[in-house]
2 protein chains.
Amino acid sequence: MQANRIYNFNPGPAALPLAVLEEIQGSLLDYKGSGMSVMEMSHRSKEFDAILNDAIARTRRLLQLDERFHVIFVQGGASLQFSMIPMNFLADGRSADYVNTGTWATNAIQEARVLNKTVNVVASSEDRQFTYIPRDIVFNPDAVYVHLTSNNTIRGTQWAAFPDTQGVPIVADMSSDIMSRPFDAGRFGLIYAGAQKNIGPAGVCMVIIRDDLLKRVPANLPSMLKYTTYTSKNSLYNTPPSFAIYTVQLVLKWIEETVGGLGRMEALNRKKAEVVYRGIDGSGGFYRGTAEPASRSLMNLTFRLPSEELEQRFLQAALQAGLGGLKGHRSVGGCRASLYNAVPMEGVEALADFMQTFARKNG
Amino acid sequence: MQANRIYNFNPGPAALPLAVLEEIQGSLLDYKGSGMSVMEMSHRSKEFDAILNDAIARTRRLLQLDERFHVIFVQGGASLQFSMIPMNFLADGRSADYVNTGTWATNAIQEARVLNKTVNVVASSEDRQFTYIPRDIVFNPDAVYVHLTSNNTIRGTQWAAFPDTQGVPIVADMSSDIMSRPFDAGRFGLIYAGAQKNIGPAGVCMVIIRDDLLKRVPANLPSMLKYTTYTSKNSLYNTPPSFAIYTVQLVLKWIEETVGGLGRMEALNRKKAEVVYRGIDGSGGFYRGTAEPASRSLMNLTFRLPSEELEQRFLQAALQAGLGGLKGHRSVGGCRASLYNAVPMEGVEALADFMQTFARKNG
């Protein structure tokens with residue numbers, strides 16, 4: 001079957017590796033001789049156990065996690081994590097530091113405050129419309145954690161390096177750049193990522209927790225909102241989103257075995273982003289990147305055209321050329337190319353060519 | 001492609017209609033000419049909007065819901081609903097009635113109590129190991145709601161008819177019998193169902209809420225734990241589990257268009273259960289149903305054999321004969337045939353034949 005696929009620059013849910021989709025397709029009626037789909041399989045079967053444990057083992061290897069870390073799968077997306085994190089870690093009288101770099105960070109702060117938790121916003125880039133990542137931040141040494149959003153899908157900014165928090169554990173929303181590059185996980189207390197951008201479909205959130213933070217979890221939380229429920233039962237307290245976890249497992253396998261690990265993944269992602277940023281910067285002002293250059297994201301490349309009318313025409317013509325998902329977030333407008341892990345270099349080159357041609361014709 | 005499928009009697013995740021799996025398989029690389037999988041598609045695209053709204057429209061038609069009802073999709077399974085229900089509906093000083101018919105009802109009661117909510121257990125079948133559905137229950141007229149579990153997967157019991165609660169809204173966990181039969185939804189304030197038994201894969205919970213209960217939702221709840229977040233945004237406040245919702249949509253379409261609605265679904269389910277119960281009751285005591293006859297479930301048929309050793313042999317021989325998922329829940333042992341909507345009559349007949357032969361050889 002030769003499917004008519006487009007190049008998909010969606011911000012999430014987003015492109016998946018074609019090889020992963022083909023493997024899912026091939027196993028959809030009969031997974032490895034079990035006579036059933038993974039969707040129809042007991043989450044307590046040996047087949048699903050192997051899927052789950054393989055996804056965890058690959059995560060540990062890819063991120064080089066030591067034995068202090070637990071890898072769990074939670075439902076509700078990053079948005080539920082905004083609540084679970086303060087619920088689980090901030091006892092009365094304790095506080096956390098938050099860095100506000102845009103919509104998702106703002107939501108994380110709000111959700112903590114709804115719970116009457118004490119949150120200190122130690123830095124914000126709101127003064128320049130979230131177009132940069134703050135520097136030289138002074139953190140509170142007695143904060144339980146420092147929360148940051150590693151990549152900002154809407155404004156197209158990304159932390160190039162993580163700040164020195166003087167030993168306070170970093171809690172990071174990595175929904176839009178998890179597994180896109182290597183980093184030193186040792187300084188993180190918790191990492192969370194809705195899967196639907198870099199590692200899988202919507203409906204599952206990967207959470208990586210360090211042991212010392214688990215000790216802060218209070219006893220009197222609802223089971224499904226308590227990290228220890230997941231860590232003590234290997235994410236099988238109740239039925240997990242098994243098919244989504246299966247897809248994540250296949251994507252992680254693809255990153256590890258086909259791409260060759262996070263070093264190579266980053267090199268590829270860096271090359272992809274360079275091709276498009278070069279096109280933007282070399283367009284003589286026709287395209288204008290919205291993020292400050294030092295804070296530019298390798299995942300979500302946001303740009304404007306000379307007018308909104310031209311932006312509309314750009315989006316339509318791109319779609320006709322087989323380039324989809326380039327519309328900017330509805331809260332900011334403009335254009336955005338999301339170049340997540342699964343977006344292939346051919347697609348990026350096709351986009352850059354298209355952009356050049358469009359600028360020439362309309363500039 | 002001719003896949004080697006078994007008859008799947010799993011208690012959940014469970015069998016899906018073959019036609020649904022084939023449709024998913026066919027659209028996996030290119031959904032309706034979009035050039036991408038539903039997994040890769042924006043949850044704010046017109047294609048996904050059509051999927052979501054069709055799933056809702058079919059639910060409304062199948063259950064004959066009037067305009068007071070909202071249909072939403074939530075993550076976290078029924079287990080998260082155990083917490084969300086009291087969190088959203090039980091203000092200080094108010095209480096709810098709960099009927100305890102087994103493990104899941106017990107968990108629902110526990111999760112409400114963890115939140116310091118006032119819960120009155122007005123009836124329980126724990127005295128006879130949850131083998132029956134309580135009758136002649138006296139409800140508290142000032143309860144905010146009456147919570148019950150419509151079908152009990154572990155003990156194989158089911159409410160044949162719902163109790164008269166004197167106008168107090170019923171809140172029902174229908175995870176294991178939603179869409180298996182028609183019922184009068186008008187008396188229900190909230191219905192919830194993890195999809196992974198009768199209507200889809202794991203990873204999405206259908207919740208049906210009546211307007212008057214929404215008025216009780218307090219303002220200061222985390223967004224993801226507040227029903228009004230979902231009802232006001234048509235389940236699109238954040239990225240929903242889109243592929244799971246797509247699968248639910250296809251199953252509902254199958255129930256409506258292929259089976260012919262809930263009346264026919266019930267007739268078929270009743271016939272399927274009769275075939276197996278007849279085999280149990282006609283086995284001269286070789287098979288022994290564990291639920292009291294008047295409370296028997298049409299969905300999960302639980303039975304024992306003369307010895308645990310014979311049960312082991314039964315399960316092994318059944319699997320060799322292409323009949324899978326017949327093991328009882330690990331907390332009670334024995335055998336269990338789950339005959340959810342998607343289990344075909346041929347499979348049920350194959351099971352009944354197998355049971356008869358096994359009894360003859362080993363009786």
# chains A, B, ... in the order shown; residues from 1 in each chain; ligands from 1
call {"tool": "interface_residues", "arguments": {"of": "chain A", "to": "chain B", "cutoff": "7 Å", "atoms": "only C-alpha atoms", "output": "short mmCIF file (atom, residue, chain, number, x, y, z; two decimals) with all heavy atoms, in the first residue's frame"}}
result
data_model
loop_
_atom_site.label_atom_id
_atom_site.label_comp_id
_atom_site.auth_asym_id
_atom_site.auth_seq_id
_atom_site.Cartn_x
_atom_site.Cartn_y
_atom_site.Cartn_z
N ALA A 3 0.71 4.95 0.52
CA ALA A 3 -0.19 6.00 1.00
C ALA A 3 0.29 7.36 0.53
O ALA A 3 1.48 7.59 0.37
CB ALA A 3 -0.27 5.95 2.51
N ASN A 4 -0.65 8.23 0.35
CA ASN A 4 -0.37 9.58 -0.10
C ASN A 4 -0.10 10.46 1.13
O ASN A 4 -0.98 11.09 1.66
CB ASN A 4 -1.59 10.08 -0.88
CG ASN A 4 -1.39 11.48 -1.40
OD1 ASN A 4 -0.26 11.88 -1.68
ND2 ASN A 4 -2.48 12.22 -1.51
N ARG A 5 1.15 10.46 1.58
CA ARG A 5 1.50 11.16 2.81
C ARG A 5 1.95 12.59 2.52
O ARG A 5 2.62 12.84 1.53
CB ARG A 5 2.64 10.42 3.51
CG ARG A 5 2.32 8.95 3.80
CD ARG A 5 1.87 8.71 5.19
NE ARG A 5 2.87 9.15 6.17
CZ ARG A 5 2.57 9.39 7.44
NH1 ARG A 5 1.34 9.26 7.88
NH2 ARG A 5 3.50 9.76 8.28
N ILE A 6 1.59 13.51 3.42
CA ILE A 6 2.11 14.87 3.28
C ILE A 6 3.29 15.05 4.25
O ILE A 6 3.50 14.23 5.14
CB ILE A 6 1.05 15.95 3.58
CG1 ILE A 6 0.60 15.89 5.05
CG2 ILE A 6 -0.13 15.84 2.65
CD1 ILE A 6 -0.19 17.12 5.47
N ASN A 10 2.86 19.76 11.93
CA ASN A 10 1.92 20.02 13.02
C ASN A 10 2.65 20.20 14.35
O ASN A 10 3.63 19.50 14.62
CB ASN A 10 0.94 18.85 13.16
CG ASN A 10 -0.33 19.06 12.37
OD1 ASN A 10 -0.73 20.18 12.13
ND2 ASN A 10 -0.97 17.97 11.98
N GLY A 12 1.53 19.38 17.28
CA GLY A 12 1.20 18.30 18.22
C GLY A 12 -0.28 18.24 18.44
O GLY A 12 -0.86 19.27 18.76
N PRO A 13 -0.87 17.02 18.30
CA PRO A 13 -0.26 15.80 17.79
C PRO A 13 0.48 16.07 16.48
O PRO A 13 0.10 16.96 15.71
CB PRO A 13 -1.47 14.88 17.57
CG PRO A 13 -2.49 15.37 18.55
CD PRO A 13 -2.28 16.83 18.65
N ALA A 14 1.53 15.30 16.26
CA ALA A 14 2.48 15.63 15.21
C ALA A 14 2.92 14.38 14.46
O ALA A 14 2.50 13.26 14.77
CB ALA A 14 3.69 16.33 15.82
N ALA A 15 3.77 14.60 13.48
CA ALA A 15 4.27 13.51 12.65
C ALA A 15 4.86 12.37 13.48
O ALA A 15 5.52 12.61 14.49
CB ALA A 15 5.35 14.05 11.70
N LEU A 16 4.62 11.16 13.04
CA LEU A 16 5.27 9.98 13.62
C LEU A 16 6.15 9.37 12.54
O LEU A 16 5.88 9.52 11.35
CB LEU A 16 4.22 8.98 14.10
CG LEU A 16 3.47 9.40 15.37
CD1 LEU A 16 2.23 8.53 15.58
CD2 LEU A 16 4.38 9.29 16.59
N LEU A 21 4.55 3.81 12.08
CA LEU A 21 3.16 3.65 11.65
C LEU A 21 2.98 2.35 10.89
O LEU A 21 1.98 1.64 11.05
CB LEU A 21 2.73 4.84 10.79
CG LEU A 21 2.57 6.17 11.52
CD1 LEU A 21 2.31 7.30 10.53
CD2 LEU A 21 1.44 6.11 12.55
N GLN A 25 0.57 -0.69 11.84
CA GLN A 25 -0.41 -1.17 10.85
C GLN A 25 -0.30 -2.68 10.66
O GLN A 25 -1.30 -3.39 10.64
CB GLN A 25 -0.17 -0.43 9.54
CG GLN A 25 -1.25 -0.66 8.50
CD GLN A 25 -0.99 0.14 7.24
OE1 GLN A 25 0.15 0.22 6.76
NE2 GLN A 25 -2.03 0.73 6.70
N LEU A 28 -1.80 -4.73 13.59
CA LEU A 28 -3.07 -4.25 14.16
C LEU A 28 -4.11 -5.34 14.39
O LEU A 28 -4.98 -5.22 15.25
CB LEU A 28 -3.67 -3.13 13.31
CG LEU A 28 -4.55 -2.22 14.16
CD1 LEU A 28 -3.73 -1.31 15.04
CD2 LEU A 28 -5.51 -1.43 13.33
N LEU A 29 -4.05 -6.42 13.64
CA LEU A 29 -5.03 -7.49 13.85
C LEU A 29 -4.42 -8.65 14.65
O LEU A 29 -5.15 -9.47 15.22
CB LEU A 29 -5.53 -8.02 12.50
CG LEU A 29 -6.17 -7.00 11.56
CD1 LEU A 29 -6.74 -7.71 10.35
CD2 LEU A 29 -7.24 -6.18 12.25
N ASP A 30 -3.12 -8.72 14.68
CA ASP A 30 -2.46 -9.86 15.34
C ASP A 30 -1.05 -9.44 15.75
O ASP A 30 -0.13 -9.47 14.94
CB ASP A 30 -2.41 -11.05 14.35
CG ASP A 30 -1.70 -12.26 14.95
OD1 ASP A 30 -1.46 -12.29 16.17
OD2 ASP A 30 -1.38 -13.18 14.16
N GLY A 35 -2.78 -13.31 18.26
CA GLY A 35 -4.15 -13.44 17.75
C GLY A 35 -5.03 -12.24 18.07
O GLY A 35 -6.24 -12.29 17.90
N MET A 36 -4.41 -11.16 18.55
CA MET A 36 -5.19 -9.95 18.85
C MET A 36 -4.34 -8.71 18.69
O MET A 36 -3.10 -8.78 18.62
CB MET A 36 -5.78 -10.02 20.26
CG MET A 36 -4.76 -10.17 21.36
SD MET A 36 -5.53 -10.30 23.02
CE MET A 36 -5.50 -12.08 23.28
N MET A 39 -4.43 -3.25 21.30
CA MET A 39 -5.60 -2.59 21.89
C MET A 39 -6.53 -3.56 22.62
O MET A 39 -7.32 -3.14 23.46
CB MET A 39 -6.45 -1.96 20.78
CG MET A 39 -5.92 -0.66 20.28
SD MET A 39 -7.19 0.14 19.28
CE MET A 39 -6.27 0.37 17.77
N GLU A 40 -6.46 -4.83 22.25
CA GLU A 40 -7.40 -5.83 22.79
C GLU A 40 -6.77 -6.69 23.88
O GLU A 40 -7.38 -7.65 24.36
CB GLU A 40 -7.84 -6.76 21.66
CG GLU A 40 -8.47 -6.06 20.48
CD GLU A 40 -8.79 -7.05 19.36
OE1 GLU A 40 -7.85 -7.60 18.75
OE2 GLU A 40 -9.98 -7.27 19.11
N MET A 41 -5.57 -6.34 24.25
CA MET A 41 -4.73 -7.20 25.08
C MET A 41 -4.78 -6.79 26.54
O MET A 41 -4.82 -5.60 26.84
CB MET A 41 -3.32 -6.95 24.54
CG MET A 41 -2.30 -7.93 24.91
SD MET A 41 -0.86 -7.59 23.86
CE MET A 41 -1.25 -8.65 22.46
N SER A 42 -4.76 -7.75 27.43
CA SER A 42 -4.73 -7.43 28.86
C SER A 42 -3.47 -6.63 29.17
O SER A 42 -2.38 -6.96 28.70
CB SER A 42 -4.74 -8.70 29.70
OG SER A 42 -4.47 -8.38 31.06
N GLN A 75 -1.90 9.56 32.61
CA GLN A 75 -2.84 10.18 31.67
C GLN A 75 -3.09 11.64 32.05
O GLN A 75 -2.68 12.09 33.10
CB GLN A 75 -4.15 9.38 31.66
CG GLN A 75 -3.98 7.97 31.09
CD GLN A 75 -5.31 7.23 31.01
OE1 GLN A 75 -6.20 7.61 30.28
NE2 GLN A 75 -5.43 6.15 31.76
N GLY A 76 -3.77 12.36 31.18
CA GLY A 76 -4.15 13.74 31.49
C GLY A 76 -3.21 14.78 30.92
O GLY A 76 -3.44 15.98 31.09
N SER A 79 -1.00 19.09 31.21
CA SER A 79 -1.92 19.94 31.98
C SER A 79 -2.27 19.32 33.33
O SER A 79 -2.46 20.06 34.31
CB SER A 79 -3.20 20.21 31.18
OG SER A 79 -2.90 20.98 30.04
N LEU A 80 -2.39 18.01 33.41
CA LEU A 80 -2.65 17.41 34.73
C LEU A 80 -1.38 17.46 35.59
O LEU A 80 -1.47 17.62 36.81
CB LEU A 80 -3.18 15.98 34.61
CG LEU A 80 -3.58 15.34 35.94
CD1 LEU A 80 -4.68 16.14 36.65
CD2 LEU A 80 -4.05 13.90 35.75
N SER A 83 -0.94 20.35 37.95
CA SER A 83 -1.56 20.22 39.27
C SER A 83 -0.87 19.17 40.13
O SER A 83 -0.68 19.36 41.33
CB SER A 83 -3.04 19.81 39.13
OG SER A 83 -3.74 20.71 38.33
N GLU A 111 -2.15 26.78 37.91
CA GLU A 111 -2.70 25.55 38.51
C GLU A 111 -2.14 25.34 39.91
O GLU A 111 -2.84 24.82 40.79
CB GLU A 111 -2.43 24.34 37.61
CG GLU A 111 -3.13 24.39 36.25
CD GLU A 111 -4.65 24.31 36.33
OE1 GLU A 111 -5.18 23.72 37.29
OE2 GLU A 111 -5.33 24.85 35.42
N VAL A 114 -4.14 27.73 42.13
CA VAL A 114 -5.50 27.24 42.40
C VAL A 114 -5.51 26.34 43.63
O VAL A 114 -6.45 26.32 44.41
CB VAL A 114 -6.07 26.48 41.17
CG1 VAL A 114 -7.28 25.64 41.54
CG2 VAL A 114 -6.42 27.45 40.05
N PRO A 201 1.77 9.30 20.40
CA PRO A 201 0.46 9.90 20.13
C PRO A 201 -0.03 10.64 21.37
O PRO A 201 0.55 10.52 22.45
CB PRO A 201 -0.40 8.68 19.88
CG PRO A 201 0.17 7.64 20.77
CD PRO A 201 1.65 7.93 20.90
N ALA A 202 -1.12 11.38 21.26
CA ALA A 202 -1.77 11.99 22.42
C ALA A 202 -2.34 10.90 23.31
O ALA A 202 -2.67 9.81 22.84
CB ALA A 202 -2.88 12.92 21.95
N GLY A 203 -2.45 11.19 24.59
CA GLY A 203 -3.11 10.26 25.50
C GLY A 203 -2.20 9.60 26.51
O GLY A 203 -2.64 8.78 27.31
N ASN A 220 -2.42 11.37 51.86
CA ASN A 220 -3.87 11.56 51.68
C ASN A 220 -4.29 12.14 50.33
O ASN A 220 -5.23 12.91 50.24
CB ASN A 220 -4.39 12.46 52.81
CG ASN A 220 -3.76 13.86 52.74
OD1 ASN A 220 -2.73 14.03 52.08
ND2 ASN A 220 -4.39 14.82 53.36
N LEU A 221 -3.59 11.77 49.29
CA LEU A 221 -4.01 12.20 47.94
C LEU A 221 -4.83 11.09 47.28
O LEU A 221 -4.62 9.91 47.55
CB LEU A 221 -2.79 12.47 47.07
CG LEU A 221 -1.99 13.74 47.31
CD1 LEU A 221 -0.81 13.78 46.33
CD2 LEU A 221 -2.86 14.97 47.12
N PRO A 222 -5.72 11.47 46.35
CA PRO A 222 -6.40 10.44 45.56
C PRO A 222 -5.36 9.56 44.84
O PRO A 222 -4.32 10.06 44.41
CB PRO A 222 -7.20 11.27 44.54
CG PRO A 222 -7.44 12.57 45.22
CD PRO A 222 -6.21 12.83 46.05
N MET A 224 -5.04 8.20 41.95
CA MET A 224 -4.63 8.49 40.58
C MET A 224 -3.84 9.79 40.47
O MET A 224 -3.34 10.13 39.40
CB MET A 224 -5.85 8.57 39.66
CG MET A 224 -6.57 7.26 39.44
SD MET A 224 -5.54 6.02 38.62
CE MET A 224 -5.41 6.72 36.98
N THR A 239 -5.87 0.36 34.47
CA THR A 239 -5.52 0.10 33.07
C THR A 239 -4.83 1.31 32.48
O THR A 239 -5.43 2.39 32.42
CB THR A 239 -6.79 -0.21 32.26
OG1 THR A 239 -7.60 -1.13 32.99
CG2 THR A 239 -6.43 -0.82 30.92
N PRO A 240 -3.60 1.17 32.04
CA PRO A 240 -2.91 2.32 31.44
C PRO A 240 -3.35 2.50 29.99
O PRO A 240 -4.00 1.62 29.42
CB PRO A 240 -1.44 1.90 31.51
CG PRO A 240 -1.48 0.42 31.34
CD PRO A 240 -2.77 -0.05 32.00
N PRO A 241 -2.98 3.62 29.36
CA PRO A 241 -3.31 3.82 27.95
C PRO A 241 -2.37 2.95 27.11
O PRO A 241 -1.37 3.42 26.57
CB PRO A 241 -3.07 5.32 27.74
CG PRO A 241 -2.07 5.70 28.78
CD PRO A 241 -2.27 4.77 29.94
N SER A 242 -2.72 1.68 27.00
CA SER A 242 -1.75 0.68 26.54
C SER A 242 -1.33 0.88 25.08
O SER A 242 -0.15 0.70 24.75
CB SER A 242 -2.30 -0.73 26.77
OG SER A 242 -3.62 -0.84 26.32
#
call {"tool": "select_by_dssp", "arguments": {"residues": "range 81-194 of chain B", "states": "alpha helix (DSSP H)", "output": "MDAnalysis selection string"}}
result
chainID B and resid 81:89 103:114
call {"tool": "select_by_dssp", "arguments": {"residues": "range 236-326 of chain B", "states": "strand (DSSP E or B)", "output": "count of residues only"}}
result
10
call {"tool": "residues_around", "arguments": {"residues": "range 58-64 of chain A", "least_positions_apart": "2", "cutoff": "8 Å", "atoms": "only C-alpha atoms", "output": "list in words"}}
result
Asp54, Ala55, Ile56, Asp66, Val71, Met179, Pro182, Phe183, Asp184, Ala185, Gln249, Leu252, Lys253, Glu256, Gly261 and Leu262 of chain A
call {"tool": "residues_around", "arguments": {"residues": "Asn362 in chain B", "least_positions_apart": "2", "cutoff": "9 Å", "atoms": "only C-alpha atoms", "output": "list in words"}}
result
Phe286, Leu310, Thr357, Phe358, Ala359 and Arg360 of chain B
